[in-house]
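A short write-up of the structure that comes next.
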Amino acid sequence: MSRLPVRPVFIGLVAALAIAIAAGLGSGAVSIPWHQLPGLLLGGPQADAAGAELILWQLRLPRILMGVLVGASLSVAGAMMQGLFRNPLADPGLIGVSSGAALGAVLVIVLAERLPIAALVASPYLIPFAALLGAWIVTLLILKLGSLNGAAAVATLLLAGIAINAFVGAIIGLCTFLATDAQLRSLNFWMLGSLGGASWQNLFLVLPFALILLIAAPRTARSLNALALGEAEAGHLGFNPRRLKLRIILLTAVGVGGCVAQTGMIGFVGLVVPHLLRLMIGPEHRRLLPAAALLGATLLLLADTFARTIVAPAEMPIGIVTAAVGAPFFLGLLLRQKRRVAW
């Protein structure tokens with residue numbers, strides 16, 4: 001794929017995000033015409049408002065904003081992880097964020113009623129808190145195991161991540177075996193991911209974690225560009241690879257962990273988006289990171305809009321949509337690259 005001019009790409013990404021937001025606000029079990037959206041949004045929420053205004057302000061707007069934050073965070077974290085590992089197949093799940101969050105959620109769903117904390121099971125914050133805690137613990141464990149003499153070694157991190165993710169998967173499998181039918185339904189729905197639980201309250205819980213990642217990520221762009229030349233070369237250019245690796249891993253754990261804790265596991269966004277943009281505009285991270293935020297938010301919003309309209313009034317887990325679209329698309333990119341290399 002030939003490189004595209006950067007400015008038109010960014011203009012197109014902004015326009016696509018605006019269209020995705022409008023489509024998400026207007027589509028659903030109750031359709032809202034696009035020409036009514038500006039008036040409903042500018043009018044603000046009203047206690048005695050018509051049904052369209054209540055749906056827009058209480059259901060769809062927080063859901064859209066959650067989708068923007070989560071999609072942008074997953075894609076930016078994926079771009080940083082691919083730059084850190086210098087591997088286009090890397091994604092945030094490689095360092096245990098997703099598997100750790102899943103472990104925390106699964107343990108609460110399956111075991112909480114059998115433990116002294118049973119009184120907390122009804123709390124809507126118990127599963128997100130456990131997922132966030134699990135994401136951080138597993139990530140820090142992989143970071144500890146993947147460090148040599150206090151420095152994170154990329155190859156060792158990769159191997160430690162594979163081993164710990166496999167072990168966590170075994171624990172999740174055991175919990176799945178012990179779960180009841182009702183628990184299995186909750187477990188499967190959480191692990192497939194959804195924005196259905198989005199509310200203003202949950203949005204404000206995710207906001208600080210996502211903003212930490214999205215604001216701090218551009219500061220790593222020049223360091224990631226230097227790291228692409230090799231760790232030794234980056235050091236000669238005045239960058240500290242050890243500090244960079246630690247910063248990226250911790251930022252990913254904070255940002256993606258906070259998002260996944262609220263929405264469940266949403267796959268392929270952090271993998272496909274950075275890879276596609278590298279083919280379009282190149283690997284320069286000062287352009288790649290903001291472009292990944294825009295495209296990731298757009299794709300997740302479109303996937304969510306499809307998931308909640310295709311089987312309306314029911315809702316399909318968004319992870320099914322992202323996997324069904326992302327996997328064939330990514331395979332197509334790989335086959336295209338393979339043919340180019342063969343020639």
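Labels used: A, B, ... for chains in the order of the structure tokens, numbers from 1 for residues in each chain, and numbers from 1 for ligands as shown.
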Close residues, range 210-212 of chain A itself excluded, 8 Å, only C-alpha atoms, min 2 positions apart in chain, as a PyMOL selection string: chain A and resi 69-70+73+206-208+214-216+251+254-256+258-259
Got time to write the residues from that selection, C-alpha atoms, as a PDB file, in the first residue's frame?
```pdb
ATOM      1  CA  LEU A  69     -12.210   7.097  25.013  1.00  0.00           C
ATOM      2  CA  VAL A  70     -11.911   3.300  24.878  1.00  0.00           C
ATOM      3  CA  SER A  73      -6.950   4.329  24.291  1.00  0.00           C
ATOM      4  CA  VAL A 206     -12.852   5.812  32.966  1.00  0.00           C
ATOM      5  CA  LEU A 207     -11.993   9.404  32.037  1.00  0.00           C
ATOM      6  CA  PRO A 208      -8.907   9.936  34.254  1.00  0.00           C
ATOM      7  CA  LEU A 214      -3.847   9.868  25.751  1.00  0.00           C
ATOM      8  CA  ILE A 215      -2.112  12.972  27.128  1.00  0.00           C
ATOM      9  CA  ALA A 216       1.155  11.251  28.000  1.00  0.00           C
ATOM     10  CA  LEU A 251       0.829   3.902  30.754  1.00  0.00           C
ATOM     11  CA  VAL A 254      -3.245   2.404  33.591  1.00  0.00           C
ATOM     12  CA  GLY A 255      -5.109   3.484  30.449  1.00  0.00           C
ATOM     13  CA  VAL A 256      -6.137   0.146  28.966  1.00  0.00           C
ATOM     14  CA  GLY A 258      -9.144   1.403  33.311  1.00  0.00           C
ATOM     15  CA  CYS A 259     -11.008   1.039  30.012  1.00  0.00           C
TER      16      CYS A 259
END
```
Residues near Trp200 in chain A, cut-off 12 Å, only C-alpha atoms, skip fewer than 3 positions along chain, as a PDB file with N, CA, C and O atoms, in the first residue's frame:
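See selection-v3.pdb below for the written result:
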```pdb
ATOM      1  N   TRP A  57     -29.471  11.870  25.884  1.00  0.00           N
ATOM      2  CA  TRP A  57     -28.607  12.356  26.961  1.00  0.00           C
ATOM      3  C   TRP A  57     -28.268  11.302  27.995  1.00  0.00           C
ATOM      4  O   TRP A  57     -27.156  11.289  28.532  1.00  0.00           O
ATOM      5  N   GLN A  58     -29.199  10.419  28.290  1.00  0.00           N
ATOM      6  CA  GLN A  58     -28.954   9.457  29.363  1.00  0.00           C
ATOM      7  C   GLN A  58     -28.364   8.138  28.875  1.00  0.00           C
ATOM      8  O   GLN A  58     -27.710   7.433  29.651  1.00  0.00           O
ATOM      9  N   LEU A  59     -28.574   7.799  27.622  1.00  0.00           N
ATOM     10  CA  LEU A  59     -28.097   6.511  27.108  1.00  0.00           C
ATOM     11  C   LEU A  59     -27.011   6.658  26.052  1.00  0.00           C
ATOM     12  O   LEU A  59     -25.914   6.119  26.204  1.00  0.00           O
ATOM     13  N   ARG A  60     -27.304   7.384  24.997  1.00  0.00           N
ATOM     14  CA  ARG A  60     -26.402   7.356  23.844  1.00  0.00           C
ATOM     15  C   ARG A  60     -25.191   8.263  23.992  1.00  0.00           C
ATOM     16  O   ARG A  60     -24.085   7.877  23.599  1.00  0.00           O
ATOM     17  N   LEU A  61     -25.359   9.454  24.553  1.00  0.00           N
ATOM     18  CA  LEU A  61     -24.214  10.357  24.639  1.00  0.00           C
ATOM     19  C   LEU A  61     -23.107   9.808  25.537  1.00  0.00           C
ATOM     20  O   LEU A  61     -21.933   9.809  25.125  1.00  0.00           O
ATOM     21  N   PRO A  62     -23.409   9.336  26.745  1.00  0.00           N
ATOM     22  CA  PRO A  62     -22.319   8.733  27.539  1.00  0.00           C
ATOM     23  C   PRO A  62     -21.722   7.496  26.877  1.00  0.00           C
ATOM     24  O   PRO A  62     -20.521   7.248  26.992  1.00  0.00           O
ATOM     25  N   ARG A  63     -22.550   6.749  26.158  1.00  0.00           N
ATOM     26  CA  ARG A  63     -22.043   5.558  25.473  1.00  0.00           C
ATOM     27  C   ARG A  63     -21.094   5.952  24.343  1.00  0.00           C
ATOM     28  O   ARG A  63     -20.052   5.321  24.144  1.00  0.00           O
ATOM     29  N   ILE A  64     -21.449   6.988  23.586  1.00  0.00           N
ATOM     30  CA  ILE A  64     -20.596   7.455  22.498  1.00  0.00           C
ATOM     31  C   ILE A  64     -19.269   7.960  23.052  1.00  0.00           C
ATOM     32  O   ILE A  64     -18.184   7.646  22.531  1.00  0.00           O
ATOM     33  N   LEU A  65     -19.327   8.760  24.110  1.00  0.00           N
ATOM     34  CA  LEU A  65     -18.089   9.286  24.699  1.00  0.00           C
ATOM     35  C   LEU A  65     -17.228   8.166  25.272  1.00  0.00           C
ATOM     36  O   LEU A  65     -15.998   8.204  25.163  1.00  0.00           O
ATOM     37  N   MET A  66     -17.870   7.148  25.859  1.00  0.00           N
ATOM     38  CA  MET A  66     -17.121   5.988  26.344  1.00  0.00           C
ATOM     39  C   MET A  66     -16.443   5.278  25.179  1.00  0.00           C
ATOM     40  O   MET A  66     -15.275   4.877  25.279  1.00  0.00           O
ATOM     41  N   GLY A 197     -22.970  -0.916  29.362  1.00  0.00           N
ATOM     42  CA  GLY A 197     -23.037  -0.420  30.734  1.00  0.00           C
ATOM     43  C   GLY A 197     -22.614   1.017  30.886  1.00  0.00           C
ATOM     44  O   GLY A 197     -22.490   1.519  32.014  1.00  0.00           O
ATOM     45  N   LEU A 203     -18.533   6.765  32.931  1.00  0.00           N
ATOM     46  CA  LEU A 203     -17.671   7.552  32.050  1.00  0.00           C
ATOM     47  C   LEU A 203     -16.654   8.361  32.856  1.00  0.00           C
ATOM     48  O   LEU A 203     -15.472   8.418  32.493  1.00  0.00           O
ATOM     49  N   PHE A 204     -17.110   8.954  33.949  1.00  0.00           N
ATOM     50  CA  PHE A 204     -16.190   9.745  34.770  1.00  0.00           C
ATOM     51  C   PHE A 204     -15.179   8.859  35.500  1.00  0.00           C
ATOM     52  O   PHE A 204     -14.103   9.334  35.882  1.00  0.00           O
ATOM     53  N   LEU A 205     -15.517   7.586  35.696  1.00  0.00           N
ATOM     54  CA  LEU A 205     -14.546   6.665  36.282  1.00  0.00           C
ATOM     55  C   LEU A 205     -13.448   6.301  35.285  1.00  0.00           C
ATOM     56  O   LEU A 205     -12.282   6.142  35.647  1.00  0.00           O
ATOM     57  N   VAL A 206     -13.826   6.157  34.007  1.00  0.00           N
ATOM     58  CA  VAL A 206     -12.852   5.812  32.966  1.00  0.00           C
ATOM     59  C   VAL A 206     -12.016   7.016  32.557  1.00  0.00           C
ATOM     60  O   VAL A 206     -10.832   6.882  32.216  1.00  0.00           O
ATOM     61  N   LEU A 207     -12.610   8.200  32.589  1.00  0.00           N
ATOM     62  CA  LEU A 207     -11.993   9.404  32.037  1.00  0.00           C
ATOM     63  C   LEU A 207     -10.568   9.652  32.529  1.00  0.00           C
ATOM     64  O   LEU A 207      -9.670   9.870  31.704  1.00  0.00           O
TER      65      LEU A 207
END
```
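Residues with any atom within 12 Å of Ala18 in chain A, counting only C-alpha atoms and excluding same-chain neighbours fewer than 6 positions away, are A:Ile11, A:Gly12, A:Gly24, A:Leu25, A:Ile64, A:Val68, A:Leu294, A:Leu295, A:Ala297, A:Thr298, A:Leu299, A:Leu301, A:Leu302.
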Please, could you write that set of residues out with N, CA, C and O atoms as a JSON list (two decimals), in the first residue's frame?
```json
[["chain", "number", "residue", "atom", "x", "y", "z"],
["A", 11, "ILE", "N", -7.62, 14.93, 7.91],
["A", 11, "ILE", "CA", -8.93, 15.53, 7.64],
["A", 11, "ILE", "C", -9.99, 14.45, 7.47],
["A", 11, "ILE", "O", -11.11, 14.55, 8.00],
["A", 12, "GLY", "N", -9.63, 13.39, 6.75],
["A", 12, "GLY", "CA", -10.56, 12.28, 6.57],
["A", 12, "GLY", "C", -10.88, 11.57, 7.87],
["A", 12, "GLY", "O", -12.04, 11.18, 8.11],
["A", 24, "GLY", "N", -23.88, 7.05, 15.63],
["A", 24, "GLY", "CA", -24.12, 6.42, 16.91],
["A", 24, "GLY", "C", -25.21, 7.10, 17.71],
["A", 24, "GLY", "O", -26.02, 6.45, 18.39],
["A", 25, "LEU", "N", -25.27, 8.44, 17.64],
["A", 25, "LEU", "CA", -26.30, 9.17, 18.37],
["A", 25, "LEU", "C", -27.68, 8.96, 17.76],
["A", 25, "LEU", "O", -28.68, 8.93, 18.48],
["A", 64, "ILE", "N", -21.45, 6.99, 23.59],
["A", 64, "ILE", "CA", -20.60, 7.45, 22.50],
["A", 64, "ILE", "C", -19.27, 7.96, 23.05],
["A", 64, "ILE", "O", -18.18, 7.65, 22.53],
["A", 68, "VAL", "N", -15.47, 6.57, 22.36],
["A", 68, "VAL", "CA", -14.35, 7.40, 21.88],
["A", 68, "VAL", "C", -13.13, 7.20, 22.78],
["A", 68, "VAL", "O", -12.01, 6.99, 22.29],
["A", 294, "LEU", "N", -7.75, 8.76, 16.57],
["A", 294, "LEU", "CA", -8.93, 9.10, 15.76],
["A", 294, "LEU", "C", -9.54, 7.87, 15.11],
["A", 294, "LEU", "O", -10.76, 7.65, 15.18],
["A", 295, "LEU", "N", -8.71, 7.04, 14.48],
["A", 295, "LEU", "CA", -9.24, 5.88, 13.78],
["A", 295, "LEU", "C", -9.77, 4.83, 14.76],
["A", 295, "LEU", "O", -10.80, 4.20, 14.51],
["A", 297, "ALA", "N", -11.11, 5.35, 17.75],
["A", 297, "ALA", "CA", -12.40, 5.81, 18.24],
["A", 297, "ALA", "C", -13.48, 5.62, 17.18],
["A", 297, "ALA", "O", -14.60, 5.18, 17.49],
["A", 298, "THR", "N", -13.16, 5.92, 15.92],
["A", 298, "THR", "CA", -14.14, 5.79, 14.85],
["A", 298, "THR", "C", -14.57, 4.34, 14.64],
["A", 298, "THR", "O", -15.77, 4.04, 14.57],
["A", 299, "LEU", "N", -13.60, 3.44, 14.57],
["A", 299, "LEU", "CA", -13.93, 2.04, 14.32],
["A", 299, "LEU", "C", -14.73, 1.43, 15.47],
["A", 299, "LEU", "O", -15.64, 0.64, 15.25],
["A", 301, "LEU", "N", -16.73, 3.03, 17.54],
["A", 301, "LEU", "CA", -18.09, 3.57, 17.49],
["A", 301, "LEU", "C", -18.91, 2.90, 16.40],
["A", 301, "LEU", "O", -20.08, 2.59, 16.60],
["A", 302, "LEU", "N", -18.32, 2.69, 15.24],
["A", 302, "LEU", "CA", -19.05, 2.03, 14.16],
["A", 302, "LEU", "C", -19.39, 0.59, 14.53],
["A", 302, "LEU", "O", -20.50, 0.11, 14.25]]
```
Between CA of Ala163 in chain A and CA of Ile127 in chain A lies a distance of 24.8 Å
Check range 30-273 of chain A with DSSP on the backbone and list each residue it calls helix (DSSP H, G or I), as a PyMOL selection string. chain A and resi 34-43+51-85+92-95+97-114+116-120+126-145+154-178+181-192+200-227+231-236+241-263+269-273
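Pairwise distance (CA of Leu132 in chain A, CA of Gly104 in chain A) equals 7.4 Å.
Distances here use only C-alpha atoms; by that measure, the residue among A:Met316, A:Ala77, A:Leu333, A:Met265 closest to Met280 in chain A is A:Leu333.
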Considering only strand (DSSP E or B) as DSSP defines it on the backbone, what residues of range 91-297 of chain A qualify? List them as a PyMOL selection string. chain A and resi 147-148+151-152
Written file, previous selection with N, CA, C and O atoms, as a compact mmCIF listing (two decimals), in the first residue's frame:
```txt
# COMPACT_ATOMS: atom_id res chain seq x y z
N SER A 147 12.25 -8.34 33.62
CA SER A 147 13.33 -7.39 33.85
C SER A 147 14.62 -8.12 34.21
O SER A 147 14.60 -9.08 34.99
N LEU A 148 15.70 -7.67 33.65
CA LEU A 148 17.03 -8.19 33.95
C LEU A 148 17.88 -7.07 34.50
O LEU A 148 18.09 -6.05 33.83
N ALA A 151 16.33 -3.68 34.35
CA ALA A 151 15.94 -3.16 33.04
C ALA A 151 15.02 -4.16 32.34
O ALA A 151 15.29 -5.36 32.35
N ALA A 152 13.95 -3.65 31.74
CA ALA A 152 13.00 -4.52 31.04
C ALA A 152 13.60 -4.93 29.70
O ALA A 152 13.87 -4.08 28.84
```
